[in-house]
>>> print(open('input_32.pdb').read())   # PDB, C-alpha atoms, pLDDT in the B column
ATOM      1  CA  MET V   1      -0.788  15.312  24.618  1.00 37.00           C
ATOM      2  CA  GLU V   2      -1.487  11.684  25.401  1.00 41.00           C
ATOM      3  CA  PHE V   3       1.177  10.423  23.016  1.00 41.00           C
ATOM      4  CA  ALA V   4       3.988  12.207  24.867  1.00 43.00           C
ATOM      5  CA  LEU V   5       2.686  11.238  28.299  1.00 42.00           C
ATOM      6  CA  ASN V   6       2.364   7.547  27.539  1.00 47.00           C
ATOM      7  CA  ARG V   7       5.769   6.786  26.078  1.00 47.00           C
ATOM      8  CA  HIS V   8       5.936   3.523  27.987  1.00 46.00           C
ATOM      9  CA  ALA V   9       2.889   2.396  26.016  1.00 47.00           C
ATOM     10  CA  LEU V  10       4.940   2.466  22.809  1.00 47.00           C
ATOM     11  CA  VAL V  11       7.211  -0.351  23.914  1.00 48.00           C
ATOM     12  CA  ALA V  12       6.151  -3.558  22.225  1.00 48.00           C
ATOM     13  CA  ASP V  13       7.607  -6.915  23.154  1.00 49.00           C
ATOM     14  CA  ASP V  14       7.763  -8.899  19.940  1.00 49.00           C
ATOM     15  CA  SER V  15      10.400 -11.278  21.272  1.00 49.00           C
ATOM     16  CA  TYR V  16      10.024 -15.017  20.927  1.00 50.00           C
ATOM     17  CA  PRO V  17       7.387 -16.171  23.408  1.00 49.00           C
ATOM     18  CA  THR V  18       9.481 -18.881  25.034  1.00 51.00           C
ATOM     19  CA  ARG V  19       8.467 -17.941  28.597  1.00 55.00           C
ATOM     20  CA  THR V  20       4.869 -18.943  27.977  1.00 57.00           C
ATOM     21  CA  GLY V  21       5.835 -22.224  26.322  1.00 58.00           C
ATOM     22  CA  ARG V  22       4.219 -21.302  23.011  1.00 63.00           C
ATOM     23  CA  SER V  23       5.717 -22.702  19.872  1.00 82.00           C
ATOM     24  CA  LEU V  24       7.957 -20.578  17.703  1.00 86.00           C
ATOM     25  CA  PHE V  25       6.343 -22.346  14.749  1.00 89.00           C
ATOM     26  CA  ILE V  26       2.950 -20.818  15.637  1.00 92.00           C
ATOM     27  CA  LEU V  27       4.460 -17.318  15.739  1.00 92.00           C
ATOM     28  CA  ILE V  28       6.153 -17.845  12.368  1.00 94.00           C
ATOM     29  CA  ALA V  29       2.885 -19.140  10.895  1.00 95.00           C
ATOM     30  CA  TYR V  30       1.025 -16.016  12.082  1.00 96.00           C
ATOM     31  CA  ILE V  31       3.735 -13.754  10.643  1.00 96.00           C
ATOM     32  CA  ALA V  32       3.694 -15.613   7.314  1.00 97.00           C
ATOM     33  CA  LEU V  33      -0.107 -15.453   7.052  1.00 98.00           C
ATOM     34  CA  GLY V  34      -0.071 -11.778   8.000  1.00 97.00           C
ATOM     35  CA  GLY V  35       2.534 -11.184   5.305  1.00 96.00           C
ATOM     36  CA  ILE V  36       0.402 -12.903   2.687  1.00 98.00           C
ATOM     37  CA  PHE V  37      -2.674 -10.847   3.573  1.00 97.00           C
ATOM     38  CA  GLY V  38      -0.645  -7.627   3.850  1.00 97.00           C
ATOM     39  CA  THR V  39       0.867  -8.162   0.422  1.00 96.00           C
ATOM     40  CA  LEU V  40      -2.510  -8.851  -1.166  1.00 97.00           C
ATOM     41  CA  ALA V  41      -4.098  -5.869   0.582  1.00 96.00           C
ATOM     42  CA  ARG V  42      -1.299  -3.606  -0.626  1.00 95.00           C
ATOM     43  CA  TYR V  43      -1.676  -4.836  -4.195  1.00 95.00           C
ATOM     44  CA  LEU V  44      -5.449  -4.291  -4.205  1.00 95.00           C
ATOM     45  CA  VAL V  45      -5.576  -0.957  -2.360  1.00 93.00           C
ATOM     46  CA  GLN V  46      -2.616   0.584  -4.146  1.00 91.00           C
ATOM     47  CA  GLY V  47      -3.947  -0.573  -7.510  1.00 90.00           C
ATOM     48  CA  MET V  48      -7.382   0.921  -6.882  1.00 93.00           C
ATOM     49  CA  ILE V  49      -5.977   4.280  -5.792  1.00 93.00           C
ATOM     50  CA  GLN V  50      -3.097   4.582  -8.238  1.00 89.00           C
ATOM     51  CA  THR V  51      -5.138   3.883 -11.362  1.00 87.00           C
ATOM     52  CA  ARG V  52      -7.248   6.956 -10.554  1.00 86.00           C
ATOM     53  CA  SER V  53      -4.496   9.385  -9.613  1.00 82.00           C
ATOM     54  CA  GLY V  54      -2.156   9.605 -12.586  1.00 83.00           C
ATOM     55  CA  ALA V  55       1.614   9.940 -12.227  1.00 84.00           C
ATOM     56  CA  PHE V  56       1.734  11.113  -8.601  1.00 88.00           C
ATOM     57  CA  PRO V  57       2.331   8.069  -6.345  1.00 90.00           C
ATOM     58  CA  SER V  58      -0.796   8.596  -4.252  1.00 91.00           C
ATOM     59  CA  GLY V  59      -1.297   4.836  -3.916  1.00 91.00           C
ATOM     60  CA  THR V  60       1.997   4.447  -2.069  1.00 90.00           C
ATOM     61  CA  LEU V  61       1.285   7.542   0.016  1.00 91.00           C
ATOM     62  CA  ALA V  62      -2.128   6.197   1.040  1.00 92.00           C
ATOM     63  CA  ILE V  63      -0.698   2.757   1.855  1.00 93.00           C
ATOM     64  CA  ASN V  64       2.041   4.199   4.076  1.00 91.00           C
ATOM     65  CA  ILE V  65      -0.350   6.482   5.977  1.00 92.00           C
ATOM     66  CA  ALA V  66      -2.951   3.734   6.429  1.00 92.00           C
ATOM     67  CA  GLY V  67      -0.254   1.275   7.515  1.00 91.00           C
ATOM     68  CA  SER V  68       1.098   3.755  10.067  1.00 91.00           C
ATOM     69  CA  LEU V  69      -2.387   4.292  11.500  1.00 92.00           C
ATOM     70  CA  LEU V  70      -2.935   0.554  11.700  1.00 92.00           C
ATOM     71  CA  LEU V  71       0.462  -0.151  13.246  1.00 90.00           C
ATOM     72  CA  GLY V  72       0.030   2.566  15.879  1.00 88.00           C
ATOM     73  CA  PHE V  73      -3.394   1.205  16.795  1.00 92.00           C
ATOM     74  CA  ILE V  74      -2.316  -2.444  16.901  1.00 90.00           C
ATOM     75  CA  VAL V  75       0.822  -1.836  18.978  1.00 88.00           C
ATOM     76  CA  ARG V  76      -1.026   0.231  21.566  1.00 89.00           C
ATOM     77  CA  PHE V  77      -4.140  -1.936  21.714  1.00 91.00           C
ATOM     78  CA  ALA V  78      -2.269  -5.255  21.670  1.00 88.00           C
ATOM     79  CA  THR V  79       0.148  -4.265  24.434  1.00 85.00           C
ATOM     80  CA  GLY V  80      -2.536  -2.584  26.557  1.00 85.00           C
ATOM     81  CA  SER V  81      -4.979  -5.484  26.711  1.00 83.00           C
ATOM     82  CA  THR V  82      -5.125  -9.254  26.730  1.00 86.00           C
ATOM     83  CA  VAL V  83      -7.374  -9.395  23.670  1.00 88.00           C
ATOM     84  CA  VAL V  84      -4.501  -9.929  21.215  1.00 89.00           C
ATOM     85  CA  SER V  85      -2.089 -12.824  21.730  1.00 90.00           C
ATOM     86  CA  PRO V  86       1.649 -12.313  21.162  1.00 89.00           C
ATOM     87  CA  GLU V  87       1.418 -14.541  18.085  1.00 91.00           C
ATOM     88  CA  LEU V  88      -1.444 -12.542  16.572  1.00 93.00           C
ATOM     89  CA  ARG V  89       0.359  -9.289  17.423  1.00 92.00           C
ATOM     90  CA  GLY V  90       3.407 -10.539  15.519  1.00 92.00           C
ATOM     91  CA  GLY V  91       1.235 -11.572  12.607  1.00 95.00           C
ATOM     92  CA  LEU V  92      -0.468  -8.183  12.458  1.00 94.00           C
ATOM     93  CA  THR V  93       2.584  -5.963  13.026  1.00 91.00           C
ATOM     94  CA  ILE V  94       5.533  -7.823  11.504  1.00 92.00           C
ATOM     95  CA  GLY V  95       3.534  -9.807   8.968  1.00 95.00           C
ATOM     96  CA  PHE V  96       0.599  -7.680   7.776  1.00 96.00           C
ATOM     97  CA  CYS V  97       1.941  -4.152   8.364  1.00 93.00           C
ATOM     98  CA  GLY V  98       5.441  -5.134   7.245  1.00 92.00           C
ATOM     99  CA  ALA V  99       4.125  -6.438   3.934  1.00 95.00           C
ATOM    100  CA  PHE V 100       1.470  -3.733   3.555  1.00 95.00           C
ATOM    101  CA  THR V 101       3.648  -0.651   3.957  1.00 91.00           C
ATOM    102  CA  THR V 102       6.082   0.367   1.263  1.00 83.00           C
ATOM    103  CA  MET V 103       9.201   2.190   2.419  1.00 84.00           C
ATOM    104  CA  SER V 104      11.330   0.858  -0.416  1.00 76.00           C
ATOM    105  CA  THR V 105       8.745   1.928  -2.985  1.00 80.00           C
ATOM    106  CA  PHE V 106       8.459   5.340  -1.323  1.00 87.00           C
ATOM    107  CA  SER V 107      12.226   5.801  -1.504  1.00 88.00           C
ATOM    108  CA  TYR V 108      12.436   4.753  -5.140  1.00 85.00           C
ATOM    109  CA  GLU V 109       9.521   6.962  -6.236  1.00 89.00           C
ATOM    110  CA  THR V 110      10.962   9.987  -4.426  1.00 91.00           C
ATOM    111  CA  VAL V 111      14.389   9.519  -6.020  1.00 91.00           C
ATOM    112  CA  ALA V 112      12.793   9.010  -9.443  1.00 90.00           C
ATOM    113  CA  MET V 113      10.916  12.322  -9.113  1.00 93.00           C
ATOM    114  CA  LEU V 114      14.120  14.082  -8.063  1.00 95.00           C
ATOM    115  CA  GLN V 115      16.012  12.609 -11.008  1.00 93.00           C
ATOM    116  CA  ASP V 116      13.231  13.805 -13.331  1.00 94.00           C
ATOM    117  CA  GLY V 117      13.581  17.330 -11.954  1.00 97.00           C
ATOM    118  CA  GLN V 118      10.193  17.191 -10.214  1.00 96.00           C
ATOM    119  CA  TYR V 119      11.518  18.765  -7.032  1.00 97.00           C
ATOM    120  CA  TRP V 120       8.221  20.245  -5.868  1.00 97.00           C
ATOM    121  CA  ARG V 121       6.377  16.938  -6.306  1.00 96.00           C
ATOM    122  CA  ALA V 122       9.190  14.992  -4.637  1.00 96.00           C
ATOM    123  CA  GLY V 123       9.192  17.368  -1.672  1.00 97.00           C
ATOM    124  CA  LEU V 124       5.416  17.266  -1.377  1.00 96.00           C
ATOM    125  CA  TYR V 125       5.421  13.485  -1.564  1.00 95.00           C
ATOM    126  CA  ALA V 126       8.269  12.978   0.921  1.00 96.00           C
ATOM    127  CA  GLY V 127       6.907  15.573   3.339  1.00 96.00           C
ATOM    128  CA  GLY V 128       3.364  14.254   3.009  1.00 94.00           C
ATOM    129  CA  THR V 129       4.509  10.706   3.633  1.00 93.00           C
ATOM    130  CA  VAL V 130       6.616  11.487   6.698  1.00 94.00           C
ATOM    131  CA  LEU V 131       4.156  13.935   8.273  1.00 96.00           C
ATOM    132  CA  GLY V 132       1.124  11.874   7.285  1.00 93.00           C
ATOM    133  CA  CYS V 133       2.591   8.660   8.693  1.00 92.00           C
ATOM    134  CA  LEU V 134       3.623  10.320  11.962  1.00 94.00           C
ATOM    135  CA  LEU V 135       0.170  11.853  12.401  1.00 95.00           C
ATOM    136  CA  ALA V 136      -1.533   8.579  11.475  1.00 93.00           C
ATOM    137  CA  THR V 137       0.564   6.698  14.058  1.00 92.00           C
ATOM    138  CA  VAL V 138      -0.432   9.208  16.746  1.00 95.00           C
ATOM    139  CA  ALA V 139      -4.075   8.835  15.659  1.00 95.00           C
ATOM    140  CA  GLY V 140      -3.838   5.046  15.913  1.00 93.00           C
ATOM    141  CA  LEU V 141      -2.299   5.245  19.391  1.00 94.00           C
ATOM    142  CA  THR V 142      -4.937   7.737  20.526  1.00 95.00           C
ATOM    143  CA  LEU V 143      -7.773   5.614  19.154  1.00 94.00           C
ATOM    144  CA  ALA V 144      -6.459   2.520  20.916  1.00 93.00           C
ATOM    145  CA  ASN V 145      -6.053   4.496  24.167  1.00 93.00           C
ATOM    146  CA  ARG V 146      -9.724   5.475  24.008  1.00 94.00           C
ATOM    147  CA  LEU V 147     -10.734   1.843  23.639  1.00 91.00           C
ATOM    148  CA  LEU V 148      -8.621   0.677  26.577  1.00 87.00           C
TER     149      LEU V 148
END
>>> encode(input="input_32.pdb", output="structure tokens")
Amino acid sequence: MEFALNRHALVADDSYPTRTGRSLFILIAYIALGGIFGTLARYLVQGMIQTRSGAFPSGTLAINIAGSLLLGFIVRFATGSTVVSPELRGGLTIGFCGAFTTMSTFSYETVAMLQDGQYWRAGLYAGGTVLGCLLATVAGLTLANRLL
């Protein structure tokens, strides 16, 4: 499996780019812009999905799986090529994916289902989120590997 063989490819260096002389302000601007777009994308995508799916939090589930796929792809592609600058990588990973994904919402919705006695739904949701996100991350890494 490529994922297990390329563990070194998972290491991302999102440290401050002082060695290259780039401004910390530029990095912060990219992260802030990524956060704005990630927040808006989450609002739109989750709203479109959730309004059609009833009480089950499928919007949050879809957001977390899509965000994991995107993060896996970006980390692998951005660290394996010179196409993505460190500032853009920070904007996409920390900013966009950080604002787009919803771990706190996932946790709250799972606990709410448990408190309501919906154990089967809570288990399905938690298991689907964890397994789905792990598989989506592997898919993103694999896709980026094929492009490199």
>>> closest_residue(input="input_32.pdb", among="V:Gly90, V:Gly54, V:Gly98, V:Gly67", to="Leu134 (chain V)", atoms="only C-alpha atoms")
V:Gly67
>>> closest_residue(input="input_32.pdb", among="V:Phe96, V:Tyr43, V:Phe56, V:Trp120", to="Tyr30 (chain V)", atoms="all atoms listed in the file")
V:Phe96
>>> atom_distance(input="input_32.pdb", atom1="CA of Val130 (chain V)", atom2="CA of Leu70 (chain V)")
15.4 Å
>>> atom_distance(input="input_32.pdb", atom1="CA of Gly127 (chain V)", atom2="CA of Leu44 (chain V)")
24.6 Å
>>> atom_distance(input="input_32.pdb", atom1="CA of Arg42 (chain V)", atom2="CA of Gln115 (chain V)")
25.9 Å
>>> decode(input="input_32.pdb", residues="region 4-135 of chain V", atoms="C-alpha atoms", output="compact mmCIF listing (two decimals), in the first residue's frame")
# COMPACT_ATOMS: atom_id res chain seq x y z
CA ALA V 4 2.25 2.88 4.38
CA LEU V 5 5.36 2.93 2.20
CA ASN V 6 5.51 6.70 1.88
CA ARG V 7 5.22 7.77 5.49
CA HIS V 8 7.88 10.42 4.99
CA ALA V 9 5.55 12.06 2.48
CA LEU V 10 3.06 12.80 5.27
CA VAL V 11 5.40 15.21 7.03
CA ALA V 12 4.37 18.76 6.25
CA ASP V 13 6.47 21.74 7.23
CA ASP V 14 4.02 24.49 8.08
CA SER V 15 6.54 26.41 10.16
CA TYR V 16 7.08 30.11 9.67
CA PRO V 17 9.01 30.61 6.44
CA THR V 18 11.75 32.78 7.90
CA ARG V 19 14.58 30.95 6.08
CA THR V 20 13.33 32.12 2.70
CA GLY V 21 12.87 35.71 3.87
CA ARG V 22 9.13 35.70 3.19
CA SER V 23 6.95 37.86 5.35
CA LEU V 24 4.96 36.35 8.17
CA PHE V 25 2.25 38.84 7.26
CA ILE V 26 1.81 37.18 3.84
CA LEU V 27 1.40 33.75 5.47
CA ILE V 28 -1.17 35.12 7.92
CA ALA V 29 -3.05 36.79 5.06
CA TYR V 30 -3.22 33.49 3.14
CA ILE V 31 -4.44 31.65 6.25
CA ALA V 32 -7.08 34.32 6.94
CA LEU V 33 -8.35 34.27 3.34
CA GLY V 34 -8.39 30.48 3.35
CA GLY V 35 -10.38 30.58 6.57
CA ILE V 36 -12.93 32.95 5.07
CA PHE V 37 -13.42 30.77 1.99
CA GLY V 38 -13.47 27.56 4.07
CA THR V 39 -16.14 28.96 6.36
CA LEU V 40 -18.31 30.08 3.46
CA ALA V 41 -17.85 26.76 1.65
CA ARG V 42 -18.83 24.86 4.78
CA TYR V 43 -21.94 26.98 5.25
CA LEU V 44 -23.06 26.50 1.63
CA VAL V 45 -22.22 22.80 1.24
CA GLN V 46 -23.52 21.75 4.63
CA GLY V 47 -26.70 23.76 4.12
CA MET V 48 -27.38 22.19 0.73
CA ILE V 49 -26.86 18.65 2.00
CA GLN V 50 -28.48 18.96 5.42
CA THR V 51 -31.74 20.48 4.19
CA ARG V 52 -32.31 17.32 2.12
CA SER V 53 -31.35 14.70 4.68
CA GLY V 54 -33.57 15.24 7.70
CA ALA V 55 -32.35 14.78 11.27
CA PHE V 56 -29.24 12.70 10.54
CA PRO V 57 -26.21 15.04 10.38
CA SER V 58 -25.20 14.02 6.86
CA GLY V 59 -24.05 17.57 6.09
CA THR V 60 -21.39 17.42 8.78
CA LEU V 61 -20.42 13.90 7.75
CA ALA V 62 -19.99 14.97 4.11
CA ILE V 63 -17.99 18.06 5.10
CA ASN V 64 -15.58 16.06 7.27
CA ILE V 65 -15.01 13.38 4.61
CA ALA V 66 -14.55 15.95 1.83
CA GLY V 67 -12.22 18.01 4.02
CA SER V 68 -10.13 14.93 4.83
CA LEU V 69 -9.83 14.08 1.13
CA LEU V 70 -8.83 17.64 0.34
CA LEU V 71 -6.33 17.88 3.20
CA GLY V 72 -4.68 14.58 2.27
CA PHE V 73 -4.36 15.69 -1.34
CA ILE V 74 -3.05 19.17 -0.53
CA VAL V 75 -0.47 18.01 2.01
CA ARG V 76 0.94 15.36 -0.31
CA PHE V 77 0.83 17.45 -3.48
CA ALA V 78 2.12 20.64 -1.84
CA THR V 79 5.07 18.93 -0.15
CA GLY V 80 5.93 16.79 -3.18
CA SER V 81 6.18 19.58 -5.74
CA THR V 82 7.12 23.21 -6.10
CA VAL V 83 3.73 24.17 -7.51
CA VAL V 84 2.32 25.30 -4.15
CA SER V 85 4.16 27.93 -2.11
CA PRO V 86 4.46 27.54 1.67
CA GLU V 87 2.10 30.50 2.10
CA LEU V 88 -0.56 28.99 -0.18
CA ARG V 89 -0.13 25.61 1.54
CA GLY V 90 -0.80 27.28 4.89
CA GLY V 91 -3.81 29.06 3.46
CA LEU V 92 -5.25 25.85 2.05
CA THR V 93 -4.51 23.52 4.98
CA ILE V 94 -4.69 25.68 8.10
CA GLY V 95 -7.06 28.28 6.70
CA PHE V 96 -9.47 26.57 4.28
CA CYS V 97 -9.48 23.00 5.63
CA GLY V 98 -9.37 24.20 9.24
CA ALA V 99 -12.47 26.34 8.72
CA PHE V 100 -14.19 23.86 6.40
CA THR V 101 -14.04 20.75 8.58
CA THR V 102 -16.19 20.44 11.67
CA MET V 103 -14.77 18.34 14.49
CA SER V 104 -16.53 20.34 17.19
CA THR V 105 -19.86 20.01 15.39
CA PHE V 106 -19.26 16.29 14.89
CA SER V 107 -18.58 15.85 18.60
CA TYR V 108 -21.64 17.81 19.66
CA GLU V 109 -23.98 15.99 17.24
CA THR V 110 -22.69 12.58 18.35
CA VAL V 111 -23.18 13.41 22.03
CA ALA V 112 -26.65 14.81 21.32
CA MET V 113 -27.67 11.55 19.61
CA LEU V 114 -26.32 9.54 22.54
CA GLN V 115 -28.20 11.71 25.03
CA ASP V 116 -31.38 11.20 22.99
CA GLY V 117 -30.91 7.43 23.18
CA GLN V 118 -30.12 7.15 19.46
CA TYR V 119 -27.22 4.78 20.03
CA TRP V 120 -27.36 3.09 16.64
CA ARG V 121 -27.40 6.42 14.78
CA ALA V 122 -24.62 7.83 16.97
CA GLY V 123 -22.46 4.76 16.36
CA LEU V 124 -23.13 4.83 12.63
CA TYR V 125 -22.34 8.53 12.47
CA ALA V 126 -19.16 8.33 14.57
CA GLY V 127 -17.92 5.21 12.79
CA GLY V 128 -18.80 6.61 9.38
CA THR V 129 -17.02 9.86 10.13
CA VAL V 130 -13.82 8.28 11.44
CA LEU V 131 -13.61 5.54 8.80
CA GLY V 132 -14.79 7.82 6.01
CA CYS V 133 -12.28 10.54 6.89
CA LEU V 134 -9.39 8.07 7.16
CA LEU V 135 -10.26 6.52 3.80
